[in-house]
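Raw structure11.txt, compact mmCIF, N, CA and C atoms:
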```txt
# COMPACT_ATOMS: atom_id res chain seq x y z
N MET A 20 78.06 143.75 139.28
CA MET A 20 78.84 143.00 138.36
C MET A 20 78.00 142.59 137.16
N LYS A 21 78.60 142.85 136.01
CA LYS A 21 77.94 142.47 134.77
C LYS A 21 78.29 141.04 134.41
N LYS A 22 77.26 140.36 133.96
CA LYS A 22 77.50 139.00 133.52
C LYS A 22 77.88 139.04 132.05
N THR A 23 78.91 138.40 131.71
CA THR A 23 79.32 138.34 130.32
C THR A 23 78.95 136.97 129.76
N LYS A 24 78.60 137.01 128.53
CA LYS A 24 78.23 135.76 127.86
C LYS A 24 79.50 135.04 127.44
N LYS A 25 79.50 133.79 127.68
CA LYS A 25 80.64 132.99 127.26
C LYS A 25 80.39 132.53 125.83
N THR A 26 81.36 132.68 125.04
CA THR A 26 81.26 132.20 123.66
C THR A 26 81.90 130.82 123.60
N THR A 27 81.18 129.95 123.03
CA THR A 27 81.71 128.60 122.86
C THR A 27 81.80 128.30 121.38
N LYS A 28 82.67 127.42 121.07
CA LYS A 28 82.80 127.00 119.68
C LYS A 28 81.57 126.21 119.27
N ALA A 29 81.09 126.53 118.09
CA ALA A 29 79.94 125.78 117.59
C ALA A 29 80.37 124.37 117.25
N SER A 30 79.60 123.43 117.71
CA SER A 30 79.95 122.04 117.41
C SER A 30 79.61 121.76 115.95
N LYS A 31 80.37 120.91 115.39
CA LYS A 31 80.18 120.59 113.97
C LYS A 31 78.99 119.64 113.85
N LYS A 32 77.95 120.12 113.21
CA LYS A 32 76.74 119.31 113.04
C LYS A 32 76.74 118.69 111.65
N THR A 33 76.23 117.49 111.59
CA THR A 33 76.10 116.87 110.27
C THR A 33 74.85 117.42 109.61
N SER A 34 74.99 117.77 108.39
CA SER A 34 73.88 118.35 107.65
C SER A 34 72.88 117.28 107.27
N LYS A 35 71.61 117.61 107.38
CA LYS A 35 70.57 116.68 106.98
C LYS A 35 70.54 116.52 105.45
N MET A 36 71.08 117.49 104.77
CA MET A 36 71.10 117.42 103.31
C MET A 36 71.98 116.29 102.81
N ASP A 37 73.01 115.94 103.58
CA ASP A 37 73.88 114.85 103.16
C ASP A 37 73.17 113.50 103.21
N LYS A 38 72.18 113.39 104.11
CA LYS A 38 71.47 112.13 104.26
C LYS A 38 70.33 111.96 103.26
N LEU A 39 69.92 113.04 102.62
CA LEU A 39 68.79 112.98 101.70
C LEU A 39 69.21 112.44 100.34
N SER A 40 68.27 111.83 99.68
CA SER A 40 68.51 111.39 98.31
C SER A 40 67.41 111.97 97.42
N GLN A 41 67.75 112.24 96.21
CA GLN A 41 66.81 112.87 95.29
C GLN A 41 66.02 111.80 94.54
N VAL A 42 64.72 112.02 94.43
CA VAL A 42 63.85 111.10 93.73
C VAL A 42 63.40 111.79 92.45
N HIS A 43 63.53 111.09 91.32
CA HIS A 43 63.16 111.70 90.05
C HIS A 43 61.92 111.09 89.43
N GLY A 44 61.39 110.03 90.00
CA GLY A 44 60.14 109.48 89.53
C GLY A 44 60.23 108.53 88.35
N LYS A 45 61.41 108.27 87.86
CA LYS A 45 61.56 107.35 86.74
C LYS A 45 62.06 106.01 87.27
N LYS A 46 61.81 104.98 86.51
CA LYS A 46 62.31 103.67 86.88
C LYS A 46 63.83 103.69 86.76
N GLU A 47 64.47 103.07 87.72
CA GLU A 47 65.92 103.03 87.70
C GLU A 47 66.44 102.12 86.60
N LYS A 48 65.81 100.97 86.46
CA LYS A 48 66.27 100.03 85.45
C LYS A 48 65.21 99.92 84.36
N GLN A 49 65.53 100.37 83.18
CA GLN A 49 64.59 100.29 82.08
C GLN A 49 64.98 99.13 81.17
N GLU A 50 63.98 98.36 80.79
CA GLU A 50 64.25 97.22 79.94
C GLU A 50 64.31 97.64 78.48
N TYR A 51 63.58 98.70 78.14
CA TYR A 51 63.49 99.13 76.76
C TYR A 51 63.77 100.62 76.67
N GLU A 52 64.30 101.02 75.53
CA GLU A 52 64.62 102.42 75.30
C GLU A 52 63.35 103.16 74.87
N PRO A 53 63.02 104.27 75.52
CA PRO A 53 61.84 105.02 75.10
C PRO A 53 62.06 105.65 73.73
N THR A 54 61.01 105.61 72.89
CA THR A 54 61.14 106.14 71.53
C THR A 54 60.27 107.37 71.31
N THR A 55 59.33 107.64 72.20
CA THR A 55 58.46 108.81 72.06
C THR A 55 58.41 109.56 73.38
N LEU A 56 57.91 110.78 73.32
CA LEU A 56 57.77 111.56 74.55
C LEU A 56 56.75 110.93 75.49
N ASP A 57 55.72 110.31 74.92
CA ASP A 57 54.73 109.64 75.76
C ASP A 57 55.36 108.55 76.60
N GLN A 58 56.30 107.83 76.03
CA GLN A 58 56.98 106.78 76.78
C GLN A 58 57.84 107.37 77.88
N ILE A 59 58.47 108.48 77.62
CA ILE A 59 59.29 109.12 78.64
C ILE A 59 58.41 109.58 79.80
N TRP A 60 57.20 110.02 79.49
CA TRP A 60 56.27 110.49 80.51
C TRP A 60 55.53 109.36 81.20
N GLY A 61 55.78 108.12 80.79
CA GLY A 61 55.23 106.98 81.51
C GLY A 61 54.20 106.15 80.77
N ASP A 62 53.93 106.43 79.51
CA ASP A 62 52.96 105.63 78.76
C ASP A 62 53.59 104.28 78.47
N ASP A 63 52.88 103.20 78.82
CA ASP A 63 53.42 101.87 78.59
C ASP A 63 52.82 101.19 77.37
N GLY A 64 51.93 101.85 76.64
CA GLY A 64 51.39 101.32 75.40
C GLY A 64 50.16 100.48 75.53
N THR A 65 49.64 100.30 76.74
CA THR A 65 48.48 99.44 76.92
C THR A 65 47.17 100.16 76.63
N GLY A 66 47.20 101.44 76.40
CA GLY A 66 45.97 102.20 76.19
C GLY A 66 45.24 101.83 74.91
N ARG A 67 45.95 101.53 73.87
CA ARG A 67 45.32 101.27 72.57
C ARG A 67 44.70 99.88 72.49
N TYR A 68 45.39 98.89 73.02
CA TYR A 68 44.93 97.50 72.92
C TYR A 68 44.50 96.90 74.26
N GLY A 69 44.85 97.54 75.35
CA GLY A 69 44.49 97.01 76.66
C GLY A 69 45.50 96.03 77.23
N THR A 70 46.45 95.60 76.44
CA THR A 70 47.48 94.66 76.88
C THR A 70 48.70 94.80 75.96
N MET A 71 49.81 94.25 76.42
CA MET A 71 51.01 94.19 75.59
C MET A 71 51.43 92.74 75.36
N ASP A 72 50.56 91.80 75.73
CA ASP A 72 50.83 90.38 75.59
C ASP A 72 50.04 89.85 74.38
N LEU A 73 50.73 89.22 73.45
CA LEU A 73 50.10 88.73 72.22
C LEU A 73 49.04 87.68 72.49
N GLU A 74 49.31 86.77 73.41
CA GLU A 74 48.34 85.70 73.69
C GLU A 74 47.05 86.26 74.29
N LYS A 75 47.17 87.23 75.18
CA LYS A 75 45.97 87.86 75.76
C LYS A 75 45.17 88.58 74.68
N TYR A 76 45.88 89.25 73.77
CA TYR A 76 45.19 89.98 72.70
C TYR A 76 44.48 89.00 71.77
N LYS A 77 45.13 87.89 71.46
CA LYS A 77 44.49 86.89 70.60
C LYS A 77 43.24 86.31 71.27
N SER A 78 43.30 86.10 72.57
CA SER A 78 42.11 85.58 73.26
C SER A 78 41.00 86.63 73.31
N GLN A 79 41.37 87.92 73.38
CA GLN A 79 40.37 88.98 73.32
C GLN A 79 39.68 88.99 71.96
N ILE A 80 40.45 88.82 70.91
CA ILE A 80 39.89 88.80 69.55
C ILE A 80 38.98 87.58 69.37
N ASP A 81 39.41 86.44 69.89
CA ASP A 81 38.60 85.22 69.77
C ASP A 81 37.25 85.35 70.48
N ASP A 82 37.23 86.10 71.58
CA ASP A 82 35.99 86.27 72.34
C ASP A 82 35.04 87.29 71.70
N MET A 83 35.51 88.06 70.73
CA MET A 83 34.68 89.10 70.12
C MET A 83 33.72 88.51 69.09
N SER A 84 32.56 89.13 69.00
CA SER A 84 31.61 88.74 67.95
C SER A 84 32.02 89.42 66.64
N ARG A 85 31.30 89.12 65.59
CA ARG A 85 31.62 89.68 64.26
C ARG A 85 31.51 91.21 64.27
N THR A 86 30.46 91.73 64.87
CA THR A 86 30.29 93.19 64.90
C THR A 86 31.32 93.84 65.82
N ASP A 87 31.67 93.17 66.93
CA ASP A 87 32.67 93.73 67.84
C ASP A 87 34.04 93.80 67.19
N ILE A 88 34.41 92.75 66.46
CA ILE A 88 35.73 92.75 65.83
C ILE A 88 35.79 93.78 64.69
N ASN A 89 34.68 93.99 63.99
CA ASN A 89 34.65 95.02 62.94
C ASN A 89 34.77 96.41 63.56
N ALA A 90 34.09 96.64 64.68
CA ALA A 90 34.18 97.93 65.36
C ALA A 90 35.59 98.15 65.91
N HIS A 91 36.19 97.11 66.45
CA HIS A 91 37.55 97.20 66.97
C HIS A 91 38.54 97.52 65.85
N ALA A 92 38.37 96.87 64.71
CA ALA A 92 39.25 97.13 63.57
C ALA A 92 39.08 98.57 63.08
N ALA A 93 37.86 99.05 63.04
CA ALA A 93 37.62 100.42 62.59
C ALA A 93 38.23 101.42 63.58
N ASP A 94 38.17 101.14 64.87
CA ASP A 94 38.78 102.02 65.88
C ASP A 94 40.29 102.10 65.71
N LEU A 95 40.89 100.99 65.28
CA LEU A 95 42.35 100.95 65.11
C LEU A 95 42.81 101.47 63.76
N GLY A 96 41.86 101.71 62.85
CA GLY A 96 42.23 102.21 61.53
C GLY A 96 42.46 101.12 60.52
N VAL A 97 42.03 99.90 60.83
CA VAL A 97 42.14 98.78 59.91
C VAL A 97 40.79 98.62 59.23
N ILE A 98 40.80 98.49 57.92
CA ILE A 98 39.55 98.34 57.18
C ILE A 98 38.99 96.94 57.42
N PRO A 99 37.77 96.86 57.98
CA PRO A 99 37.18 95.53 58.22
C PRO A 99 36.86 94.82 56.92
N VAL A 100 37.21 93.55 56.84
CA VAL A 100 36.92 92.72 55.68
C VAL A 100 35.98 91.60 56.11
N GLU A 101 35.39 90.92 55.14
CA GLU A 101 34.41 89.87 55.43
C GLU A 101 35.05 88.62 56.03
N ASP A 102 36.24 88.29 55.58
CA ASP A 102 36.91 87.08 56.06
C ASP A 102 37.47 87.31 57.46
N ARG A 103 36.99 86.58 58.44
CA ARG A 103 37.40 86.78 59.82
C ARG A 103 38.87 86.41 60.04
N LEU A 104 39.34 85.36 59.40
CA LEU A 104 40.74 84.94 59.59
C LEU A 104 41.72 85.99 59.09
N SER A 105 41.44 86.56 57.93
CA SER A 105 42.34 87.60 57.41
C SER A 105 42.27 88.86 58.27
N LEU A 106 41.09 89.17 58.80
CA LEU A 106 40.95 90.33 59.68
C LEU A 106 41.72 90.11 60.98
N GLU A 107 41.63 88.90 61.53
CA GLU A 107 42.39 88.58 62.74
C GLU A 107 43.89 88.66 62.48
N LYS A 108 44.31 88.20 61.32
CA LYS A 108 45.74 88.28 60.98
C LYS A 108 46.20 89.73 60.86
N ARG A 109 45.39 90.57 60.22
CA ARG A 109 45.74 91.99 60.11
C ARG A 109 45.81 92.65 61.49
N LEU A 110 44.84 92.32 62.34
CA LEU A 110 44.82 92.92 63.68
C LEU A 110 46.02 92.46 64.51
N THR A 111 46.39 91.19 64.43
CA THR A 111 47.55 90.72 65.17
C THR A 111 48.85 91.31 64.62
N ASP A 112 48.92 91.49 63.29
CA ASP A 112 50.10 92.14 62.71
C ASP A 112 50.23 93.59 63.19
N GLU A 113 49.11 94.30 63.22
CA GLU A 113 49.11 95.67 63.74
C GLU A 113 49.51 95.70 65.22
N PHE A 114 49.03 94.71 65.96
CA PHE A 114 49.38 94.62 67.38
C PHE A 114 50.88 94.37 67.56
N ILE A 115 51.42 93.48 66.77
CA ILE A 115 52.86 93.17 66.86
C ILE A 115 53.68 94.41 66.49
N ASN A 116 53.26 95.16 65.48
CA ASN A 116 53.96 96.40 65.12
C ASN A 116 53.89 97.41 66.26
N HIS A 117 52.73 97.50 66.91
CA HIS A 117 52.56 98.43 68.02
C HIS A 117 53.48 98.05 69.18
N VAL A 118 53.53 96.78 69.51
CA VAL A 118 54.36 96.32 70.62
C VAL A 118 55.83 96.53 70.32
N SER A 119 56.24 96.23 69.10
CA SER A 119 57.66 96.40 68.75
C SER A 119 58.06 97.86 68.73
N ALA A 120 57.13 98.76 68.45
CA ALA A 120 57.45 100.19 68.50
C ALA A 120 57.68 100.64 69.94
N TYR A 121 56.99 100.01 70.89
CA TYR A 121 57.16 100.37 72.29
C TYR A 121 58.31 99.65 72.96
N ARG A 122 58.80 98.59 72.37
CA ARG A 122 59.83 97.80 73.01
C ARG A 122 61.12 97.77 72.19
N LYS A 123 61.68 98.94 72.01
CA LYS A 123 62.97 99.04 71.33
C LYS A 123 64.06 98.67 72.33
N PRO A 124 64.87 97.67 72.02
CA PRO A 124 65.89 97.24 72.98
C PRO A 124 66.91 98.34 73.26
N LEU A 125 67.44 98.32 74.46
CA LEU A 125 68.48 99.28 74.82
C LEU A 125 69.73 99.01 74.00
N GLN A 126 70.36 100.08 73.56
CA GLN A 126 71.59 99.95 72.79
C GLN A 126 72.76 100.36 73.67
N LYS A 127 73.75 99.51 73.72
CA LYS A 127 74.94 99.84 74.49
C LYS A 127 75.85 100.68 73.61
N ARG A 128 76.29 101.78 74.17
CA ARG A 128 77.19 102.66 73.42
C ARG A 128 78.61 102.13 73.54
N LYS A 129 79.28 102.07 72.42
CA LYS A 129 80.66 101.58 72.40
C LYS A 129 81.60 102.77 72.53
N GLU A 130 82.53 102.62 73.43
CA GLU A 130 83.54 103.66 73.63
C GLU A 130 84.68 103.42 72.65
N ASP A 131 85.09 104.48 71.98
CA ASP A 131 86.21 104.39 71.04
C ASP A 131 87.43 105.00 71.73
N PRO A 132 88.44 104.17 72.08
CA PRO A 132 89.61 104.72 72.79
C PRO A 132 90.39 105.71 71.93
N GLY A 133 90.36 105.55 70.62
CA GLY A 133 91.05 106.48 69.74
C GLY A 133 90.37 107.84 69.68
N LEU A 134 89.09 107.86 69.98
CA LEU A 134 88.33 109.10 69.95
C LEU A 134 88.83 110.06 71.02
N GLU A 135 89.14 109.55 72.19
CA GLU A 135 89.62 110.41 73.27
C GLU A 135 90.93 111.08 72.88
N GLN A 136 91.81 110.35 72.23
CA GLN A 136 93.08 110.94 71.80
C GLN A 136 92.85 112.00 70.72
N LYS A 137 91.91 111.74 69.81
CA LYS A 137 91.60 112.73 68.77
C LYS A 137 91.07 114.01 69.38
N VAL A 138 90.24 113.89 70.40
CA VAL A 138 89.69 115.07 71.07
C VAL A 138 90.80 115.84 71.75
N LYS A 139 91.71 115.14 72.41
CA LYS A 139 92.82 115.81 73.06
C LYS A 139 93.69 116.55 72.05
N ASP A 140 93.91 115.94 70.88
CA ASP A 140 94.71 116.59 69.84
C ASP A 140 94.02 117.86 69.33
N ILE A 141 92.72 117.78 69.15
CA ILE A 141 91.98 118.95 68.67
C ILE A 141 92.00 120.06 69.70
N LEU A 142 91.82 119.73 70.95
CA LEU A 142 91.82 120.75 72.00
C LEU A 142 93.20 121.33 72.23
N ARG A 143 94.24 120.54 71.97
CA ARG A 143 95.59 121.04 72.15
C ARG A 143 95.92 122.13 71.12
N ASP A 144 95.34 122.03 69.92
CA ASP A 144 95.62 123.01 68.87
C ASP A 144 95.01 124.31 69.14
```

As structure tokens, what does this structure read like?
Amino acid sequence: MKKTKKTTKASKKTSKMDKLSQVHGKKEKQEYEPTTLDQIWGDDGTGRYGTMDLEKYKSQIDDMSRTDINAHAADLGVIPVEDRLSLEKRLTDEFINHVSAYRKPLQKRKEDPGLEQKVKDILRD
């Protein structure tokens, strides 16, 4: 006697793919809109000044000697001047411009309800 194989219905298995979630490596909630490719790739702007906090930067400048602050200004592209107060003001202004370039607020897009009707009219033609 030959043994025959019994065929059974395959049970329905839940796919492991349904349980997986995709990770893209970006922050889910962004506080600021990226303005450059470097920001999209993760640059937070701290490389040039070492901080993004104005008070910390001012304390760094206060701790610098005359030669250090002149070298720092030259590295940033600011022409060093003899008056320390005006040089500090120029450096803080440059710092504020740098921070504001990295912290562009998110803009909410406004939906125009009339726009959808216009699109439907164009597509209908």

field: d(CA of Lys77 (chain A), CA of Ala93 (chain A)) in Å
entry: 17.2 Å

- prompt: For Ile115 (chain A), which residue among A:Ala90, A:Thr54, A:Lys38, A:Tyr68 is the nearest when counting only C-alpha atoms?
  reply: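 Among the listed residues, the smallest separation from Ile115 (chain A) belongs to A:Tyr68.
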
query: Separation of CA of Gly64 (chain A) and CA of Arg109 (chain A), in Å?
result: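 That distance, rounded to one decimal, is 18.8 Å.
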
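If you look at atom C of Tyr76 (chain A) and CA of Gln58 (chain A), they are 22.3 Å away from each other.
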
For the contact check between region 94-114 of chain A and region 82-89 of chain A, emit one row per residue of region 94-114 of chain A within 8 Å, containing the shortest atom pair and the distance in Å rounded to one decimal, counting all atoms listed in the file, chain then rising number order, as a tab-separated table.
```
residue	atom	partner	partner_atom	distance
A:Asp94	N	A:Asn89	C	6.0
A:Leu95	N	A:Asn89	C	7.8
A:Val97	C	A:Asn89	C	7.7
A:Ile98	C	A:Asn89	CA	7.3
A:Pro99	CA	A:Asn89	CA	5.4
A:Val100	N	A:Asn89	CA	6.8
A:Arg103	CA	A:Arg85	CA	7.8
A:Leu106	C	A:Ile88	C	7.9
```

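Residue nearest Glu107 (chain A) within the list A:Leu125, A:Gln136, A:Gly69, A:Ile80: A:Ile80 [criterion: smallest interatomic distance, only N, CA and C atoms].
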
message: Could you check the closest approach to Leu56 (chain A) for each of A:Ser78, A:Glu135, A:Tyr121, A:Asp102 and tell me which residue wins, using only C-alpha atoms?
response: A:Tyr121

Report as lines of an AutoDock Vina configuration file the centre and the edge lengths, in Å to one decimal, of the axis-aligned box holding every listed atom of region 63-71 of chain A, padded by 5 Å on each side.
```
center_x = 49.0
center_y = 98.0
center_z = 75.7
size_x = 18.9
size_y = 20.5
size_z = 16.3
```
